[in-house]
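Notes follow once the structure below has been shown.
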Amino acid sequence: MNTDTKNFLEYLLEAAAYDEKENETPFTEEESIQGCTIHDFSPEFVSAVEGFIDGFISFLNKKEFDMARLDYLERSFGGNVYLSLSGVGAGFFDEYGDPDKTLGDELQSLIKEYSGSSHRFEELSYSLSKNEKGELDLAIIPSAIDEYRSQIFNV
């Protein structure tokens with residue numbers, strides 16, 4: 001498996017943006033994230049997500065997890081990370097095509113162990129909004145955003 005996090009990052013952001021759109025109730029058209037893509041996230045948000053994914057890959061390597069077992073998951077890895085921690089009832093354990101029928105459960109357990117909670121991203125589905133630059137980021141008081149982003153993504 002190519003452990004370049006760019007693809008993993010893109011699919012995690014895609015899953016987060018899609019989930020947010022499904023839960024969205026904007027007050028104004030300017031606040032709506034309809035039509036936003038993964039390229040609309042703020043650089044700070046992207047960096048935090050990338051750090052989380054890099055950390056999870058390092059965690060898997062420290063656990064001597066055979067990364068080759070993930071070959072068929074390459075396109076869905078980042079999305080499964082998000083879904084596994086968002087409380088939507090999908091994610092690694094819901095992975096169809098699991099060749100040995102245990103990989104999904106094993107990864108679900110490992111992501112929970114790494115993140116410390118199976119609901120780490122649960123609030124993300126309601127917390128994204130456009131900032132003053134029109135970028136997607138966490139909807140919170142600007143002076144607290146770095147700390148809140150850190151609480152979600154730093155393990």
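Residue numbers start at 1 in each chain; chains themselves are named A, B, ... in the order of the structure tokens; ligands are numbered from 1 in the order shown.
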
Q: Extract the full set of strand (DSSP E or B) residues from stretch 30-143 of chain A according to DSSP on the backbone, and format it as JSON, numbers by chain.
A: {"A": [41, 128, 129, 130, 136, 137, 138]}

Q: With a distance cut-off of 10 Å and only C-alpha atoms, select the neighbouring residues of A:Ile140, excluding the residue or stretch itself and same-chain residues fewer than 3 positions from it, and output the selection as a VMD selection string.
A: chain A and resid 127 to 129 131 137 143 to 146 148 to 149

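Using only C-alpha atoms, the smallest distance between any of A:Pro142, A:Ile152, A:Phe56, A:Ala90 and A:Lys112 comes from A:Phe56.
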
Q. Which residue out of A:Gly134, A:Gly78, A:Gly116, A:Gly91 has the minimum interatomic distance to A:Ile57 when only C-alpha atoms are used?
A.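 So, comparing all the options, the nearest one is A:Gly78.
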
Pull the closest atom pair for each residue of stretch 122-141 of chain A that gets at most 12 Å from stretch 46-55 of chain A, along with the distance in Å to one decimal, counting only C-alpha atoms, ordering rows by chain and then ascending residue number, as CSV.
residue,atom,partner,partner_atom,distance
A:Leu124,CA,A:Val49,CA,11.7
A:Glu135,CA,A:Val46,CA,10.9
A:Leu136,CA,A:Val46,CA,9.7
A:Asp137,CA,A:Val46,CA,9.0
A:Leu138,CA,A:Val46,CA,11.4

May I have the residues from that selection written out with C-alpha atoms, as a compact mmCIF listing (two decimals), in the first residue's frame?
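The resulting file, out.txt, is reproduced below:
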# COMPACT_ATOMS: atom_id res chain seq x y z
CA LEU A 124 -17.33 17.43 13.08
CA GLU A 135 -12.68 28.44 3.71
CA LEU A 136 -14.20 25.45 5.48
CA ASP A 137 -13.06 25.12 9.06
CA LEU A 138 -14.49 24.60 12.50

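Each of A:Ile111, A:Val155, A:Met67, A:Val81 was compared to A:Glu10 using only C-alpha atoms, and A:Val81 turns out to be the nearest.
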
**Q.** Interatomic distance (Å, one decimal) between atom CA of A:Ala16 and atom CA of A:Gly104
**A.**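 Computed distance, atom CA of A:Ala16 to atom CA of A:Gly104, equals 20.0 Å.
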
Q. Between A:Gln108, A:Ser115, A:Gln151, A:Thr37, which one has atoms that come closest to A:Phe59, using only C-alpha atoms?
A.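 Of the candidates, the smallest distance to A:Phe59 is held by A:Ser115.
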